[in-house]
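Participant: Before I ask anything, let me first share the structure, which is written out below as structure tokens.
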Amino acid sequence: MRLLRVRLKNYRGVSDCTVKFPANGVTVIEGDNEVGKTCIAEALDLILNELDSSHKQKVRAIRPVHRDAGPEVEVEISAGGYRFAYFKRWHRQPETTLEVTAPRREQLTGREAHERVEAIMEETLDRDLWNALTVEQGAEPGVPKLGVPSLGRALDLAASGDRPEGADDALWERICAERHRYWTGTGRESQERKALAEKVGHAQSEVENLQAQLLDIDKDAEEVARLARDEHGLAASRDQFSRDEEHLSSQLASAETIRAEVGRLEAARQVADAELGRVAEARRRRQELAGALDARREEADDLRKKAEQAEPSLDLANSRCEEAGIAMSAARDSLRAAEEELRAAEGDRDHHQKLIDKELLSERLERVLTAQEDLRTAESVLAASRVDNELVGQIEQASIKMTRAEAALSASAASVELSASVPVSVLVNGEETELSPGAAQHADVTDGWELVVPDAVRVKVRAGAGSRNLAAEFEAAKDDHGRLCAQGGVGDLAEARRKADERLDAERQRDDAAQTIDRDLRDLTPDVLAQKVDGLARGIAAYPAGRPESRPLPDSLEDARRMALEARSAFEAQQAEIGRCEENEKEADKARQRSAIDAAALAGQLDRARDARQQAEQRLEEARKDQSDAALDEALAAQQGRAGAAAAALLTKKEELTAQDPDSLEARLDNARDAKVRAETDLRQNQDRRQELRGRLEARGEAGLHSRLDDAITEYQRLEREHQRIESRALAALMLHQTFEVRRQQARQRYIAPFKEQIEQLGRIVFGPTFEVELDGDLRVVQRTLEGITLDLEQLSVGAREQIGVISRLACAAIVSPDGRGAPVVIDDALGWSDPTRLQAMGAAIAFAGRQCQVIVLTCTPGRYAHVGNAEVVRLPT
């Protein structure tokens with residue numbers, strides 16, 4: 001089998017990804033974690049083995065996490081003489097399609113397509129071989145069992161011989177059993193075996209002594225390795241804390257901006273409160289002026305005659321005061337006009353803002369009403385639905401069971417055929433039946449059958465016990481199927497599936513509607529939202545009637561805001577003009593007072609009384625001209641509203657500042673900075689400790705202990721193997737065992753020689769020219785010889801075991817795949833335990849094997865397979 005193309009769409013976290021593979025050679029698929037590399041092997045297993053209607057856990061697990069869609073897998077495969085494109089979609093709108101382009105064109109869909117692919121795979125693929133040639137991510141490093149049929153056939157062909165028959169294996173097992181029985185039966189040891197046992201004990205003691213000496217050095221070495229592993233985590237923590245510091249700094253800056261806005265609003269509130277105090281004080285002074293005027297009038301009436309001589313001298317001053325008063329009155333008129341213009345401009349601005357607010361609230365209300373209707377519809381569908389996926393599965397199983405029972409009954413039931421040469425009336429199972437010449441009637445007998453020719457013949461046919469049992473099973477299956485359909489209120493499986501899909505659609509509609517209602521209502525109710533829209537509409541409708549018709553309404557909110565700002569500027573300029581006129585009027589009044597004093601020196605008391613009265617009248621008149629008592633009351637109420645609005649705006653901004661919680665942000669920022677400093681300190685301490693341990697290891701050295709230990713272990717293992725071999729040998733069966741062992745070894749070496757040679761050829765690329773292996777009966781590597789030293793596979797390092805496991809799979813694929821047969825080798829992020837030198841050599845071995853078979857490598861570490869010279873690299877997007 002060859003994998004030519006794979007496409008994943010809406011598969012776990014993969015949106016859409018296509019990878020193409022050459023029929024032979026090495027393809028390295030690189031990508032970050034969680035971008036879909038391992039999904040390729042998983043998807044190939046699912047599309048070949050699981051129906052599109054499957055609800056198994058491993059099928060449910062591939063639902064996309066980023067959208068509501070069905071996962072899709074499409075593959076293009078060549079297997080034997082077949083070449084086909086195969087597509088499946090699960091969960092939403094399940095679909096299966098198959099297009100076979102060789103050896104002849106075929107197009108199938110649904111279950112027929114699935115079963116056709118199963119038949120092709122059964123014909124062309126050794127599934128045990130396929131499983132053995134896959135190195136799964138995170139699997140325990142080791143060597144697979146490769147005693148699979150396809151490899152055996154290939155080795156038979158390579159050796160030009162036959163594999164030993166099962167009879168030879170059975171004979172060998174009987175000989176071994178006989179040997180062990182004889183050895184156990186004697187229960188006696190020879191002097192040679194006793195001496196050998198003592199040597200084994202001495203050798204074991206020597207190994208344990210050397211291992212104890214190396215224990216302290218190994219502990220230091222392990223701590224160095226642990227510190228090296230920890231260094232990456234500490235560096236990552238330091239970098240994360242740096243990013244946290246930058247992020248929190250940005251948040252704190254935003255909070256400080258809000259704090260500044262709170263300060264500005266606080267100042268505005270203080271200004272509004274001060275203005276409110278000023279207006280209230282003016283109202284109090286107005287009341288005092290009215291009371292003072294009444295008192296001065298009584299005093300002036302008593303002294304009026306005494307002041308007649310002063311009248312001519314006051315005319316000029318009075319004239320000037322009048323001129324100043326006229327100017328002051330004109331300024332007040334202009335101020336009132338500017339104030340009316342300001343109120344009108346601000347009213348237009350507020351009107352445009354209400355138009356926008358009404359439109360936004362109306363859209364929210366419309367979405368809420370539509371969502372409520374959708375919610376009621378969905379809940380109605382869910383309330384009426386009695387079918388779910390579990391019941392659909394039960395109906396499907398009952399339908400399959402009923403179909404199988406019906407087929408079994410039809411195949412085993414007896415068949416009776418009736419025909420007549422002349423018209424005749426008969427009774428069949430008690431019912432009258434007319435038989436005509438040339439017409440035949442058939443009946444299947446599942447229990448009992450009776451034919452009666454009145455007054456002539458009675459024929460009884462009884463079915464066997466097997467047919468009756470099958471009939472009962474069919475009826476039971478039919479009743480079970482009917483009961484389940486009635487439970488769901490459906491007629492058949494297709495209707496049940498449709499009802500289940502309708503239920504899923506209703507659940508999604510209900511959830512979407514609830515989310516829309518929550519999002520648009522927020523903290524309101526539909527009635528309150530409708531009241532707000534209605535209130536805005538009434539205010540908008542009533543506004544044109546209350547504004548001046550001569551003033552055109554601005555076209556937009558921006559124009560209204562601009563005109564309000566211009567009106568505010570004109571109003572403030574007119575206020576400044578009022579101040580200037582007040583100063584002029586005061587100067588004229590002072591001049592009048594001086595003239596009155598000079599002209600009426602003899603009538604000072606009257607002048608003072610008149611002046612007091614006139615001043616009181618003038619102050620009250622001026623105050624009322626500036627602002628009437630009613631206007632003053634209105635100004636007081638308006639300023640109270642503005643002060644309240646300023647306080648509300650300040651409260652809102654303070655709440656926003658509280659939500660930002662700048663004090664907590666500052667504390668978190670300080671903590672992030674401290675954590676970064678701590679991480680940097682921990683990283684330096686880690687590096688210092690590792691340097692200290694390295695210096696200690698270099699200073700102490702190993703004094704040749706490893707070499708001595710290896711020699712001692714080798715000697716102990718040699719003695720132990722010799723002891724076990726002698727212990728397993730029985731004198732009574734020695735001659736038979738030796739003779740048969742010679743013949744068996746010869747046959748076995750002839751059989752496995754091609755596979756062993758292929759492994760050693762690839763292994764020499766990695767381990768050197770002295771590399772040799774020994775295989776067991778399952779064609780699994782059990783020993784490795786290097787530089788004349790033989791070790792069991794379990795004694796090798798994790799990296800060496802993993803390398804030999806990959807080499808064994810490559811050798812197997814190279815033998816079974818020269819003509820496109822066999823299966824690809826899939827390596828999912830293996831060789832993580834290999835050092836750089838071995839990685840380079842393994843790259844050459846993989847490239848060499850790729851000339852004869854298909855190799856697919858999945859990795860998140862691109863540099864790990866950079867030495868595979870002839871590889872085609874596919875980089876998956878992040």
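A note on labels: chains of the structure tokens are A, B, ... as shown, every chain counts residues from 1, and ligands are counted from 1 in their shown order.
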Please list as an mmCIF file with N, CA, C and O atoms, in the first residue's frame every residue within 6 Å of Leu451 (chain A), counting only C-alpha atoms and excluding residues in the same chain fewer than 6 positions away.
Facilitator:
data_model
loop_
_atom_site.group_PDB
_atom_site.id
_atom_site.type_symbol
_atom_site.label_atom_id
_atom_site.label_comp_id
_atom_site.auth_asym_id
_atom_site.auth_seq_id
_atom_site.Cartn_x
_atom_site.Cartn_y
_atom_site.Cartn_z
ATOM 1 N N LEU A 427 -58.221 -26.827 1.442
ATOM 2 C CA LEU A 427 -58.053 -26.032 2.644
ATOM 3 C C LEU A 427 -56.568 -25.992 2.996
ATOM 4 O O LEU A 427 -55.939 -27.041 3.168
ATOM 5 N N VAL A 428 -55.995 -24.781 3.067
ATOM 6 C CA VAL A 428 -54.588 -24.599 3.447
ATOM 7 C C VAL A 428 -54.572 -23.890 4.792
ATOM 8 O O VAL A 428 -55.002 -22.732 4.900
ATOM 9 N N ARG A 458 -55.411 -35.502 3.475
ATOM 10 C CA ARG A 458 -54.934 -34.542 4.478
ATOM 11 C C ARG A 458 -53.409 -34.670 4.540
ATOM 12 O O ARG A 458 -52.885 -35.748 4.812
ATOM 13 N N VAL A 459 -52.690 -33.555 4.271
ATOM 14 C CA VAL A 459 -51.216 -33.549 4.303
ATOM 15 C C VAL A 459 -50.769 -32.550 5.366
ATOM 16 O O VAL A 459 -51.183 -31.392 5.345
#
Participant: Within region 287-442 of chain A, find each residue whose DSSP state, derived from the backbone, is helix (DSSP H, G or I), and express the selection as number ranges by chain.
Facilitator: A: 287-303, 305-384, 389-412
Participant: Please write the residues from the selection above to a file, keeping C-alpha atoms, as a short mmCIF file (atom, residue, chain, number, x, y, z; two decimals), in the first residue's frame.
Facilitator:
data_model
loop_
_atom_site.label_atom_id
_atom_site.label_comp_id
_atom_site.auth_asym_id
_atom_site.auth_seq_id
_atom_site.Cartn_x
_atom_site.Cartn_y
_atom_site.Cartn_z
CA GLN A 287 -34.33 89.40 48.96
CA GLU A 288 -32.13 91.68 51.09
CA LEU A 289 -32.29 94.43 48.39
CA ALA A 290 -36.10 94.42 48.37
CA GLY A 291 -36.25 94.81 52.16
CA ALA A 292 -33.65 97.61 52.16
CA LEU A 293 -35.57 99.53 49.44
CA ASP A 294 -38.74 99.66 51.56
CA ALA A 295 -36.78 101.17 54.49
CA ARG A 296 -35.02 103.80 52.31
CA ARG A 297 -38.32 104.95 50.74
CA GLU A 298 -39.80 105.83 54.14
CA GLU A 299 -36.68 107.78 55.07
CA ALA A 300 -36.61 109.65 51.72
CA ASP A 301 -40.25 110.76 51.99
CA ASP A 302 -39.43 112.52 55.26
CA LEU A 303 -36.38 114.36 53.86
CA LYS A 305 -38.25 118.74 50.69
CA LYS A 306 -34.78 119.31 52.11
CA ALA A 307 -33.13 118.01 48.95
CA GLU A 308 -34.81 120.32 46.35
CA GLN A 309 -31.73 122.61 46.09
CA ALA A 310 -29.63 119.65 44.97
CA GLU A 311 -31.81 118.67 41.97
CA PRO A 312 -30.13 120.96 39.30
CA SER A 313 -26.69 119.65 40.20
CA LEU A 314 -27.77 116.09 39.75
CA ASP A 315 -29.27 116.35 36.26
CA LEU A 316 -26.03 115.88 34.42
CA ALA A 317 -24.98 112.93 36.56
CA ASN A 318 -28.38 111.37 36.19
CA SER A 319 -28.18 111.78 32.41
CA ARG A 320 -24.90 109.94 32.31
CA CYS A 321 -26.27 107.22 34.53
CA GLU A 322 -29.21 106.84 32.21
CA GLU A 323 -26.89 106.48 29.23
CA ALA A 324 -24.95 103.82 31.09
CA GLY A 325 -28.23 102.13 32.04
CA ILE A 326 -29.37 102.16 28.40
CA ALA A 327 -26.10 100.55 27.35
CA MET A 328 -26.48 98.04 30.16
CA SER A 329 -30.04 97.25 29.07
CA ALA A 330 -28.95 96.72 25.48
CA ALA A 331 -26.18 94.40 26.68
CA ARG A 332 -28.69 92.44 28.75
CA ASP A 333 -30.98 92.12 25.71
CA SER A 334 -28.08 90.80 23.67
CA LEU A 335 -27.21 88.37 26.49
CA ARG A 336 -30.77 87.06 26.60
CA ALA A 337 -30.76 86.59 22.82
CA ALA A 338 -27.43 84.73 23.03
CA GLU A 339 -28.79 82.57 25.86
CA GLU A 340 -31.91 81.71 23.81
CA GLU A 341 -29.68 80.83 20.83
CA LEU A 342 -27.57 78.61 23.11
CA ARG A 343 -30.61 76.79 24.48
CA ALA A 344 -31.96 76.23 20.98
CA ALA A 345 -28.59 74.90 19.69
CA GLU A 346 -28.19 72.56 22.64
CA GLY A 347 -31.80 71.36 22.16
CA ASP A 348 -31.05 70.53 18.50
CA ARG A 349 -27.90 68.68 19.56
CA ASP A 350 -29.80 66.60 22.15
CA HIS A 351 -32.55 65.92 19.58
CA HIS A 352 -30.05 64.41 17.10
CA GLN A 353 -28.51 62.30 19.88
CA LYS A 354 -31.97 60.95 20.77
CA LEU A 355 -32.53 60.00 17.11
CA ILE A 356 -29.36 57.86 17.16
CA ASP A 357 -30.21 56.35 20.56
CA LYS A 358 -33.71 55.43 19.38
CA GLU A 359 -32.37 53.71 16.24
CA LEU A 360 -29.85 51.64 18.25
CA LEU A 361 -32.41 50.65 20.91
CA SER A 362 -34.99 49.79 18.20
CA GLU A 363 -32.51 47.44 16.50
CA ARG A 364 -31.79 45.75 19.83
CA LEU A 365 -35.52 45.38 20.55
CA GLU A 366 -36.17 43.89 17.10
CA ARG A 367 -33.37 41.33 17.56
CA VAL A 368 -34.72 40.40 21.01
CA LEU A 369 -38.30 39.91 19.72
CA THR A 370 -37.08 37.78 16.79
CA ALA A 371 -34.88 35.70 19.10
CA GLN A 372 -37.79 35.17 21.52
CA GLU A 373 -39.93 33.85 18.67
CA ASP A 374 -37.06 31.53 17.58
CA LEU A 375 -36.69 30.36 21.19
CA ARG A 376 -40.39 29.53 21.48
CA THR A 377 -40.28 27.64 18.17
CA ALA A 378 -37.19 25.63 19.22
CA GLU A 379 -38.63 24.79 22.64
CA SER A 380 -41.86 23.66 20.97
CA VAL A 381 -39.89 21.31 18.70
CA LEU A 382 -37.85 19.96 21.63
CA ALA A 383 -40.96 19.43 23.74
CA ALA A 384 -42.57 17.41 20.94
CA ASN A 389 -29.13 9.77 19.09
CA GLU A 390 -29.26 6.96 21.65
CA LEU A 391 -32.73 5.84 20.47
CA VAL A 392 -31.61 6.09 16.81
CA GLY A 393 -28.71 3.74 17.63
CA GLN A 394 -31.09 1.28 19.33
CA ILE A 395 -33.49 1.35 16.33
CA GLU A 396 -30.56 0.83 13.95
CA GLN A 397 -29.32 -2.22 15.93
CA ALA A 398 -32.89 -3.61 16.10
CA SER A 399 -33.30 -3.14 12.32
CA ILE A 400 -30.03 -4.97 11.63
CA LYS A 401 -31.04 -7.77 14.00
CA MET A 402 -34.49 -8.08 12.32
CA THR A 403 -32.93 -8.17 8.83
CA ARG A 404 -30.44 -10.85 9.84
CA ALA A 405 -33.17 -12.93 11.51
CA GLU A 406 -35.39 -12.66 8.42
CA ALA A 407 -32.52 -13.71 6.14
CA ALA A 408 -31.64 -16.66 8.37
CA LEU A 409 -35.31 -17.74 8.47
CA SER A 410 -35.67 -17.54 4.68
CA ALA A 411 -32.52 -19.58 4.21
CA SER A 412 -33.54 -22.43 6.57
#
Participant: Would you mind reading off the distance between CA of Ala847 (chain A) and CA of Phe755 (chain A), one decimal, in Å?
Facilitator: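 About the pair CA of Ala847 (chain A) and CA of Phe755 (chain A): they are 18.5 Å apart.
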Participant: Work out how far apart CA of Met121 (chain A) and CA of Ile856 (chain A) are and give it in Å to one decimal.
Facilitator: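 One can read the CA of Met121 (chain A) to CA of Ile856 (chain A) distance as 19.4 Å.
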Participant: Between A:Asn24, A:Glu118, A:Arg226, A:Asn49, which is the closest to Arg689 (chain A) once you count only C-alpha atoms?
Facilitator: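 Closest to Arg689 (chain A), using only C-alpha atoms: A:Arg226.
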Participant: Between A:Arg561, A:Arg238, A:Arg668, A:His867, which is the closest to Glu680 (chain A) once you count only C-alpha atoms?
Facilitator: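 Of the candidates, the smallest distance to Glu680 (chain A) is held by A:Arg238.
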Participant: Please report as a tab-separated table every residue of region 569-588 of chain A lying within 12 Å of region 616-619 of chain A, along with the nearest atom pair and their distance in Å (one decimal), using only C-alpha atoms.
Facilitator:
residue	atom	partner	partner_atom	distance
A:Glu582	CA	A:Arg619	CA	11.5
A:Glu585	CA	A:Gln618	CA	10.8
A:Lys586	CA	A:Arg619	CA	10.7
Participant: Write the residues you've just listed into a file as a PDB file, in the first residue's frame, and include all heavy atoms for each of them.
Facilitator:
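Output (part_7.pdb):
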ATOM      1  N   GLU A 582     -21.384  97.016  33.184  1.00  0.00           N
ATOM      2  CA  GLU A 582     -21.559  97.207  34.620  1.00  0.00           C
ATOM      3  C   GLU A 582     -20.478  98.139  35.168  1.00  0.00           C
ATOM      4  O   GLU A 582     -20.753  99.017  36.021  1.00  0.00           O
ATOM      5  CB  GLU A 582     -21.510  95.860  35.339  1.00  0.00           C
ATOM      6  CG  GLU A 582     -22.759  95.028  35.145  1.00  0.00           C
ATOM      7  CD  GLU A 582     -22.660  93.684  35.854  1.00  0.00           C
ATOM      8  OE1 GLU A 582     -21.522  93.325  36.247  1.00  0.00           O
ATOM      9  OE2 GLU A 582     -23.679  93.001  35.996  1.00  0.00           O
ATOM     10  N   GLU A 585     -21.326 101.655  34.166  1.00  0.00           N
ATOM     11  CA  GLU A 585     -22.462 102.179  34.925  1.00  0.00           C
ATOM     12  C   GLU A 585     -22.050 102.544  36.354  1.00  0.00           C
ATOM     13  O   GLU A 585     -22.501 103.563  36.909  1.00  0.00           O
ATOM     14  CB  GLU A 585     -23.568 101.124  34.947  1.00  0.00           C
ATOM     15  CG  GLU A 585     -24.884 101.657  35.510  1.00  0.00           C
ATOM     16  CD  GLU A 585     -25.981 100.626  35.391  1.00  0.00           C
ATOM     17  OE1 GLU A 585     -25.665  99.404  35.386  1.00  0.00           O
ATOM     18  OE2 GLU A 585     -27.153 101.010  35.312  1.00  0.00           O
ATOM     19  N   LYS A 586     -21.177 101.779  36.924  1.00  0.00           N
ATOM     20  CA  LYS A 586     -20.685 102.098  38.258  1.00  0.00           C
ATOM     21  C   LYS A 586     -19.895 103.401  38.270  1.00  0.00           C
ATOM     22  O   LYS A 586     -20.013 104.227  39.205  1.00  0.00           O
ATOM     23  CB  LYS A 586     -19.830 100.960  38.792  1.00  0.00           C
ATOM     24  CG  LYS A 586     -20.622  99.711  39.131  1.00  0.00           C
ATOM     25  CD  LYS A 586     -19.708  98.592  39.599  1.00  0.00           C
ATOM     26  CE  LYS A 586     -20.497  97.327  39.901  1.00  0.00           C
ATOM     27  NZ  LYS A 586     -19.604  96.219  40.336  1.00  0.00           N
TER      28      LYS A 586
END
Participant: Please provide as a VMD selection string all residues within 7 Å of Glu72 (chain A), with the sequence filter that same-chain residues fewer than 2 positions apart are discarded (counting only C-alpha atoms).
Facilitator: chain A and resid 8 to 11 70 74 88 to 90
Participant: So, counting only C-alpha atoms, which residue among A:Asp626, A:Glu549, A:Met563, A:Arg764 is closest to Gln575 (chain A)?
Facilitator: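 Answer, going by the shortest atom-to-atom distance: A:Asp626.
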Participant: Do a neighbour search on Ser817 (chain A) at 9 Å with only C-alpha atoms, toss out local chain neighbours closer than 6 positions, and write the hits as a PDB file with C-alpha atoms, in the first residue's frame.
Facilitator:
ATOM      1  CA  MET A   1       0.000   0.000   0.000  1.00  0.00           C
ATOM      2  CA  ALA A 823       2.834  -0.657   3.752  1.00  0.00           C
ATOM      3  CA  PRO A 824       4.528   2.692   4.449  1.00  0.00           C
ATOM      4  CA  GLN A 852      12.934   0.878  -1.750  1.00  0.00           C
ATOM      5  CA  CYS A 853       9.828   1.829   0.290  1.00  0.00           C
ATOM      6  CA  GLN A 854       7.642   4.729   1.379  1.00  0.00           C
TER       7      GLN A 854
END
Participant: Between CA of Gly233 (chain A) and CA of Glu666 (chain A), what is the distance in Å, rounded to a tenth?
Facilitator: 26.5 Å
Participant: Choose the residue, out of A:Leu793, A:Ala623, A:Ala849, A:Ala23, that has the smallest atom-to-atom separation from Ala813 (chain A); count only C-alpha atoms.
Facilitator: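 Residue with the minimum atom-to-atom distance to Ala813 (chain A): A:Ala849.
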